[in-house]
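Participant: Take this structure first; my questions come after.
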Amino acid sequence: MKVTFPHMGYLWIPVSALLRKLGLDVVVPPPITRRTLSLGVQHAPEFACFPLKLNLGNFMEAYERGADTIIMAGGVGPCRFGYYAQVQQEILWDLGYKMKMVVLEPPKGHWWGLWKRIRWLIGERSVRDLWRALGFAWHKFVALDAIERAACWARPRAAAPRDVRRAVETAVRWVHEAETADQVREAREEGVSLVRSHAVRSLRDPLKVGIVGEIYTLLEPFANYRLEEKLGALGVEVDRSLYLSDWIRAHVVLDALRVSGEHEVKQAAQPYAPHFVGGHGQDTVGRTVLYARHGFDGVIQVMPFTCMPEIVAQSILPRVAHDYGIAVLTLIVDEHSADAGIQTRLEAFVDLLRRRRSKKKHDAVARAQAGK
Amino acid sequence: MVREGGFPPGTGAMLGRTALIPSSLSHYVKRPERRSKPGSVHKDDKEKNSRDNEPGDAAMRKLYLGVDVGSVSTNLVLMDGSGTVVADVYLLTRGRPIQAIQEGIRLLAAQGWDDAQVAGAGTTGSGRLLAGVIVGADVIKNEITAHAVAALEMVPDVRTVLEIGGQDSKIIIIRDGVVVDFAMNTVCAAGTGSFLDRQAARLNIPIEEFGALALKSNSPVRIAGRCAVFAESDMIHKQQVGYPVEDIVRGLCEALVRNYLNNVAKGKEILPPVVFQGGVACNVGMKRAFEEALGVEVMVPPYATVMGAIGAAILAKEATGATGRTRFRGFQVASVRYDTESFECEHCPNGCEIVCIKMEGQLLARWGSRCGRWDTVPEEQPVRREASG
Ligand code: SF4
Ligand code: SF4
């Protein structure tokens, strides 16, 4: 049995570490490229979500490298993610790809079913082994997030965007290569300082933009057309609302204990989106409110074309923008998006934020003078 | 560059202005009725222009060059320090942006302007990077900012800018002189001037008569405007059923406006003053359809089709104001040899198409890689797949 799983940002590093620790034979799909996309687009139904198409491309490329078993997360709520696995399974079988799909639902419902699937995967390994492996993977999650955060901070301060990109690649490789929890910690510390060392320019008060939206497009740079790097190159300090470990913490660990992890976010969304709209629609609204309260210059919502929960959020965001006086840009991505179009929107958005800021300053000065 | 229909595609309807295209300079289109600012200088009507705009007379006047390169059209303007447009050129890009830019520069040079006067250059549009490298720009700006800056110059208290060009459409929301929101549609063909051109051709109506024809209609036909393909087949259907052509034309304008308001302008608060610009703005049928749909007056500025270039010129003035120095290479760029070469990178399955711009055989700039690999000159030379230009 050779297992594979879909890409989502750096998810592959902790997940492959986890599976390898459990003695599984892992095939990591090759990094997402245009080929992955065109494979997915070619074989998925046209109306399927963008992430589904990319996942499918991952599976097909992993199959070429010998994978025969797919591990997928399941979804809950009214969103289409819940059907991903079935749809993909059928497409693969139709194509004659003999791959078995193991769906690990977040532990909201059937504990027994989930356990049976895990048991099947790990075979004779003990629960202690599983626990240890999870702990090790967790360290990697945390390390990767720290590196990504450092990158967001360093990009607007770097001499060339390429420098930070290279540093991140190196740091991430260190995390991947780490074999023990101590090595992961070391990789994290050294990786973060390597990335931060490229911040050669000191910025007193850079523009700050928060990124919210659908999780896959938030976390996978290929899907969001390297949004964070583009903004960084424009001199913007980016804060992404969701990192891998946050997501795991809130949705897997805490959900399992029936605790809501994002109370603050939900509360912030309350006046605008009281209902659970599936996916992260409600989070999107709540996080936008929080960014506004924390004095960010703008928020960018990124989502796949026809993503239902995010469309609901999109329709609510103008009200948030109005109430809090924060600028919001929605970026809708799919296989038809063009890099140039996204670049143009981002440049225009950053111009907008700059001009708004200088106007605010100007107005404040004018008010002060009028007061004298 | 002989144009079949007499008007560049993507301009929507240059209403009733057939006679205004000088046969000698059929490359570009002049707009009549310069309302607030003096007209541009065209070879064949110099004597009609105010003395101010004579290149010779104003020899020492500082000028700013604005270049807007889109996939359909390439526009250039020369603007003086007071914001007056002294020359403008409208060309078709025809998939050869470099040639279009050079031709535009040549046309401006032919009017007698000289290098010493150009105090700054700015570029915008989807080809802004290329144009910036070629002319030597002081500022390279996205088209949304450029259009907003130009609209603010023309109508300082503008609060909404509607822009429909040949290749895309946008809406820009401005409050207190600052852009606060915008949206842009580059995907849907039903929202662009090229779509109107196609339909005009299908109905056998010169695009320049399109707008006036729409005004004649009293009972527009409702045409499904959700998507270009539907709109087209619906229109053909209505035509076969025998509706009067003016009603169909007006119906098309309304469908386009509906499409624009439902897609591009969705969720935006459209407040007057409303400025309508871009190639399609010269189509009076479209202006009227917008006014009816919005219930407010819609203004079309005198240089509606070249607003992007005007914005770039204004930004060039801002950018050079502090230093007084410009990177503009001079009008001789029209005769320099520029080549573009492209090749497909084979280092990973992304297969990026890398574009190299060369001036007299020397590498000026290179872009197109997703990973940044080719952004600088490497030692190794890639496998060259194709070369053009
Ligand atoms: S969250 Fe959006 S992209 Fe994801 S499955 Fe649901 S609809 Fe599709
Ligand atoms: S330029 Fe970079 S991303 Fe593009 S094909 Fe080459 S190696 Fe891959």
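Each chain in the structure tokens gets a letter, A, B, ..., in the order shown, and its residues are numbered from 1; ligands are numbered from 1 in order too.
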For a quick test of understanding: name the residues of chain B lying within 7 Å of chain A when counting only C-alpha atoms, and present them as a PyMOL selection string.
Facilitator: chain B and resi 142+144-145+178-180+349-350+372
Participant: Kindly provide the residues of chain B that approach ligand 2 to within 9 Å, each paired with its closest atom pair and their distance in Å to one decimal, based on only C-alpha atoms and all ligand atoms, listed by chain and increasing number, as JSON lines.
Facilitator:
```
{"residue": "B:Glu344", "atom": "CA", "partner": "ligand 2", "partner_atom_place_in_ligand_line": "5 (S)", "distance": 7.1}
{"residue": "B:Cys345", "atom": "CA", "partner": "ligand 2", "partner_atom_place_in_ligand_line": "6 (Fe)", "distance": 4.4}
{"residue": "B:Glu346", "atom": "CA", "partner": "ligand 2", "partner_atom_place_in_ligand_line": "5 (S)", "distance": 5.5}
{"residue": "B:His347", "atom": "CA", "partner": "ligand 2", "partner_atom_place_in_ligand_line": "7 (S)", "distance": 4.3}
{"residue": "B:Cys348", "atom": "CA", "partner": "ligand 2", "partner_atom_place_in_ligand_line": "8 (Fe)", "distance": 4.0}
{"residue": "B:Pro349", "atom": "CA", "partner": "ligand 2", "partner_atom_place_in_ligand_line": "5 (S)", "distance": 5.9}
{"residue": "B:Asn350", "atom": "CA", "partner": "ligand 2", "partner_atom_place_in_ligand_line": "5 (S)", "distance": 4.3}
{"residue": "B:Gly351", "atom": "CA", "partner": "ligand 2", "partner_atom_place_in_ligand_line": "5 (S)", "distance": 3.9}
{"residue": "B:Cys352", "atom": "CA", "partner": "ligand 2", "partner_atom_place_in_ligand_line": "4 (Fe)", "distance": 4.1}
{"residue": "B:Glu353", "atom": "CA", "partner": "ligand 2", "partner_atom_place_in_ligand_line": "4 (Fe)", "distance": 7.3}
{"residue": "B:Ile354", "atom": "CA", "partner": "ligand 2", "partner_atom_place_in_ligand_line": "1 (S)", "distance": 7.1}
{"residue": "B:Gly368", "atom": "CA", "partner": "ligand 2", "partner_atom_place_in_ligand_line": "1 (S)", "distance": 7.2}
{"residue": "B:Ser369", "atom": "CA", "partner": "ligand 2", "partner_atom_place_in_ligand_line": "1 (S)", "distance": 3.9}
{"residue": "B:Arg370", "atom": "CA", "partner": "ligand 2", "partner_atom_place_in_ligand_line": "3 (S)", "distance": 4.5}
{"residue": "B:Cys371", "atom": "CA", "partner": "ligand 2", "partner_atom_place_in_ligand_line": "2 (Fe)", "distance": 4.2}
{"residue": "B:Gly372", "atom": "CA", "partner": "ligand 2", "partner_atom_place_in_ligand_line": "2 (Fe)", "distance": 6.3}
{"residue": "B:Arg373", "atom": "CA", "partner": "ligand 2", "partner_atom_place_in_ligand_line": "2 (Fe)", "distance": 5.3}
{"residue": "B:Trp374", "atom": "CA", "partner": "ligand 2", "partner_atom_place_in_ligand_line": "1 (S)", "distance": 6.3}
{"residue": "B:Asp375", "atom": "CA", "partner": "ligand 2", "partner_atom_place_in_ligand_line": "1 (S)", "distance": 9.0}
```
Participant: Name all residues at most 10 Å from segment 6-20 of chain A (count only C-alpha atoms; drop same-chain ones fewer than 5 positions away) and give them as a ChimeraX atom specification.
Facilitator: /A:25-32,51-52,54-59,62,70-73,121-122,130-145,148,172-173,175-179,215-223,243-245
Participant: Would you please extract all strand (DSSP E or B) residues from segment 39-216 of chain A, as assigned by DSSP on the backbone, and give them as a PyMOL selection string?
Facilitator: chain A and resi 69-73+100-104+158+199+207-213
Participant: Report, in Å to a single decimal, how far apart atom CA of Ser241 of chain A and atom CA of His294 of chain A are.
Facilitator: 12.6 Å
Participant: Name the residues of segment 166-297 of chain A that come out as helix (DSSP H, G or I) in a backbone DSSP run; write them as JSON, numbers by chain.
Facilitator: {"A": [166, 167, 168, 169, 170, 171, 172, 173, 174, 175, 176, 177, 181, 182, 183, 184, 185, 186, 187, 188, 189, 190, 191, 192, 193, 194, 195, 196, 215, 216, 217, 218, 219, 227, 228, 229, 230, 231, 232, 233, 244, 245, 246, 247, 248, 249, 250, 251, 252, 253, 254, 255, 256, 263, 264, 265, 266, 267, 268, 269, 281, 282, 283, 284, 285, 286, 287, 288, 289, 290, 291, 292, 293]}
Participant: Show which residues sit within 6 Å of Gln277 of chain B, as a PDB file with C-alpha atoms, in the first residue's frame. Count only C-alpha atoms, and ignore same-chain residues fewer than 2 positions away.
Facilitator:
```
ATOM      1  CA  GLU B 163     -15.211  52.360 -17.729  1.00  0.00           C
ATOM      2  CA  ALA B 281     -18.331  55.770 -23.768  1.00  0.00           C
ATOM      3  CA  ALA B 304     -13.102  59.454 -22.976  1.00  0.00           C
TER       4      ALA B 304
END
```
Participant: What lies within 7 Å of Thr320 of chain B using only C-alpha atoms, ignoring chain neighbours under 4 positions off, as a PyMOL selection string?
Facilitator: chain B and resi 120+138+316+324-326
Participant: Let's have the selection written as a PDB file, in the first residue's frame, with all heavy atoms.
Facilitator:
```pdb
ATOM      1  N   GLY B 120       8.472  63.947 -18.576  1.00  0.00           N
ATOM      2  CA  GLY B 120       8.116  62.748 -17.841  1.00  0.00           C
ATOM      3  C   GLY B 120       7.304  61.814 -18.711  1.00  0.00           C
ATOM      4  O   GLY B 120       6.645  62.247 -19.648  1.00  0.00           O
ATOM      5  N   ASP B 138       8.827  56.869 -16.201  1.00  0.00           N
ATOM      6  CA  ASP B 138       9.101  57.299 -14.832  1.00  0.00           C
ATOM      7  C   ASP B 138       8.128  56.654 -13.868  1.00  0.00           C
ATOM      8  O   ASP B 138       8.384  56.544 -12.680  1.00  0.00           O
ATOM      9  CB  ASP B 138       8.981  58.823 -14.730  1.00  0.00           C
ATOM     10  CG  ASP B 138       9.953  59.505 -15.657  1.00  0.00           C
ATOM     11  OD1 ASP B 138      11.160  59.344 -15.449  1.00  0.00           O
ATOM     12  OD2 ASP B 138       9.508  60.157 -16.622  1.00  0.00           O
ATOM     13  N   ALA B 316       2.928  60.674 -14.357  1.00  0.00           N
ATOM     14  CA  ALA B 316       4.318  60.949 -14.734  1.00  0.00           C
ATOM     15  C   ALA B 316       4.726  62.326 -14.239  1.00  0.00           C
ATOM     16  O   ALA B 316       5.846  62.537 -13.779  1.00  0.00           O
ATOM     17  CB  ALA B 316       4.481  60.849 -16.249  1.00  0.00           C
ATOM     18  N   GLY B 324      12.638  66.443 -11.198  1.00  0.00           N
ATOM     19  CA  GLY B 324      12.765  67.170 -12.451  1.00  0.00           C
ATOM     20  C   GLY B 324      13.538  66.394 -13.499  1.00  0.00           C
ATOM     21  O   GLY B 324      13.896  66.925 -14.543  1.00  0.00           O
ATOM     22  N   ARG B 325      13.807  65.133 -13.224  1.00  0.00           N
ATOM     23  CA  ARG B 325      14.520  64.308 -14.205  1.00  0.00           C
ATOM     24  C   ARG B 325      13.602  63.221 -14.742  1.00  0.00           C
ATOM     25  O   ARG B 325      12.725  62.739 -14.046  1.00  0.00           O
ATOM     26  CB  ARG B 325      15.732  63.663 -13.546  1.00  0.00           C
ATOM     27  CG  ARG B 325      16.968  64.541 -13.570  1.00  0.00           C
ATOM     28  CD  ARG B 325      18.218  63.682 -13.478  1.00  0.00           C
ATOM     29  NE  ARG B 325      18.181  62.846 -12.278  1.00  0.00           N
ATOM     30  CZ  ARG B 325      18.717  63.228 -11.118  1.00  0.00           C
ATOM     31  NH1 ARG B 325      19.280  64.399 -11.004  1.00  0.00           N
ATOM     32  NH2 ARG B 325      18.674  62.425 -10.076  1.00  0.00           N
ATOM     33  N   THR B 326      13.824  62.846 -15.999  1.00  0.00           N
ATOM     34  CA  THR B 326      12.980  61.800 -16.562  1.00  0.00           C
ATOM     35  C   THR B 326      13.822  60.681 -17.150  1.00  0.00           C
ATOM     36  O   THR B 326      14.976  60.886 -17.533  1.00  0.00           O
ATOM     37  CB  THR B 326      12.051  62.354 -17.660  1.00  0.00           C
ATOM     38  OG1 THR B 326      11.279  61.272 -18.189  1.00  0.00           O
ATOM     39  CG2 THR B 326      12.836  63.007 -18.787  1.00  0.00           C
TER      40      THR B 326
END
```
Participant: Just to confirm, what's the straight-line distance from atom CA of Val296 of chain B to atom CA of Asp197 of chain B in Å (one decimal)?
Facilitator: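 Spanning atom CA of Val296 of chain B to atom CA of Asp197 of chain B is a straight-line distance of 26.3 Å.
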Participant: Could you check how far atom CA of Leu364 of chain B sits from atom CA of Asp339 of chain B, in Å to one decimal?
Facilitator: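 Taking atom CA of Leu364 of chain B as the start and atom CA of Asp339 of chain B as the end point, the length is 9.9 Å.
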Participant: I want to know what sits within 9 Å of Leu129 of chain B, based on only C-alpha atoms, with residues of the same chain fewer than 5 positions away left out; could you give that as JSON, numbers by chain?
Facilitator: {"B": [123, 124, 134, 140, 141]}
Participant: For the selection just defined, write its residues with all heavy atoms to a file, as a short mmCIF file (atom, residue, chain, number, x, y, z; two decimals), in the first residue's frame.
Facilitator:
```cif
data_model
loop_
_atom_site.label_atom_id
_atom_site.label_comp_id
_atom_site.auth_asym_id
_atom_site.auth_seq_id
_atom_site.Cartn_x
_atom_site.Cartn_y
_atom_site.Cartn_z
N THR B 123 3.31 54.87 -18.05
CA THR B 123 2.62 53.86 -18.84
C THR B 123 1.58 53.16 -17.99
O THR B 123 1.69 53.09 -16.77
CB THR B 123 3.60 52.80 -19.39
OG1 THR B 123 4.22 52.13 -18.30
CG2 THR B 123 4.66 53.42 -20.27
N THR B 124 0.58 52.63 -18.66
CA THR B 124 -0.47 51.89 -17.96
C THR B 124 -1.06 50.86 -18.93
O THR B 124 -0.61 50.73 -20.05
CB THR B 124 -1.55 52.86 -17.42
OG1 THR B 124 -2.47 52.12 -16.62
CG2 THR B 124 -2.31 53.53 -18.55
N ILE B 134 10.09 50.08 -22.88
CA ILE B 134 10.39 50.59 -24.21
C ILE B 134 10.55 52.11 -24.23
O ILE B 134 11.52 52.62 -24.78
CB ILE B 134 9.32 50.12 -25.20
CG1 ILE B 134 9.54 48.63 -25.42
CG2 ILE B 134 9.37 50.89 -26.50
CD1 ILE B 134 8.74 48.03 -26.48
N ILE B 140 5.05 53.40 -13.81
CA ILE B 140 4.32 52.32 -14.47
C ILE B 140 3.15 52.00 -13.55
O ILE B 140 3.36 51.54 -12.43
CB ILE B 140 5.22 51.09 -14.68
CG1 ILE B 140 6.39 51.45 -15.59
CG2 ILE B 140 4.42 49.93 -15.26
CD1 ILE B 140 7.41 50.33 -15.78
N LYS B 141 1.96 52.29 -13.99
CA LYS B 141 0.82 52.21 -13.08
C LYS B 141 -0.29 51.30 -13.61
O LYS B 141 -0.52 51.24 -14.81
CB LYS B 141 0.26 53.62 -12.95
CG LYS B 141 -0.03 54.20 -11.58
CD LYS B 141 0.17 53.38 -10.39
CE LYS B 141 0.64 54.23 -9.22
NZ LYS B 141 1.11 53.54 -8.09
#
```
Participant: Between A:Asp239, A:Asp297, A:Asp283, A:Asp129, which one has atoms that come closest to ligand 1, using only C-alpha atoms and all ligand atoms?
Facilitator: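 For ligand 1, the nearest of the candidates is A:Asp283.
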Participant: Residues near segment 311-313 of chain B, anyone? I mean within 10 Å using only C-alpha atoms, not counting same-chain ones fewer than 5 positions away, as a VMD selection string.
Facilitator: chain B and resid 63 to 68 76 to 81 83 85 120 to 125 128 137 to 153 306 318 to 319
Participant: Using only C-alpha atoms, pick whichever of B:Ile101, B:Gly267, B:Gly166, B:Asn218 has the shortest atom-to-atom distance to Val133 of chain B.
Facilitator: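 Of B:Ile101, B:Gly267, B:Gly166, B:Asn218, the one nearest Val133 of chain B is B:Ile101, counting only C-alpha atoms.
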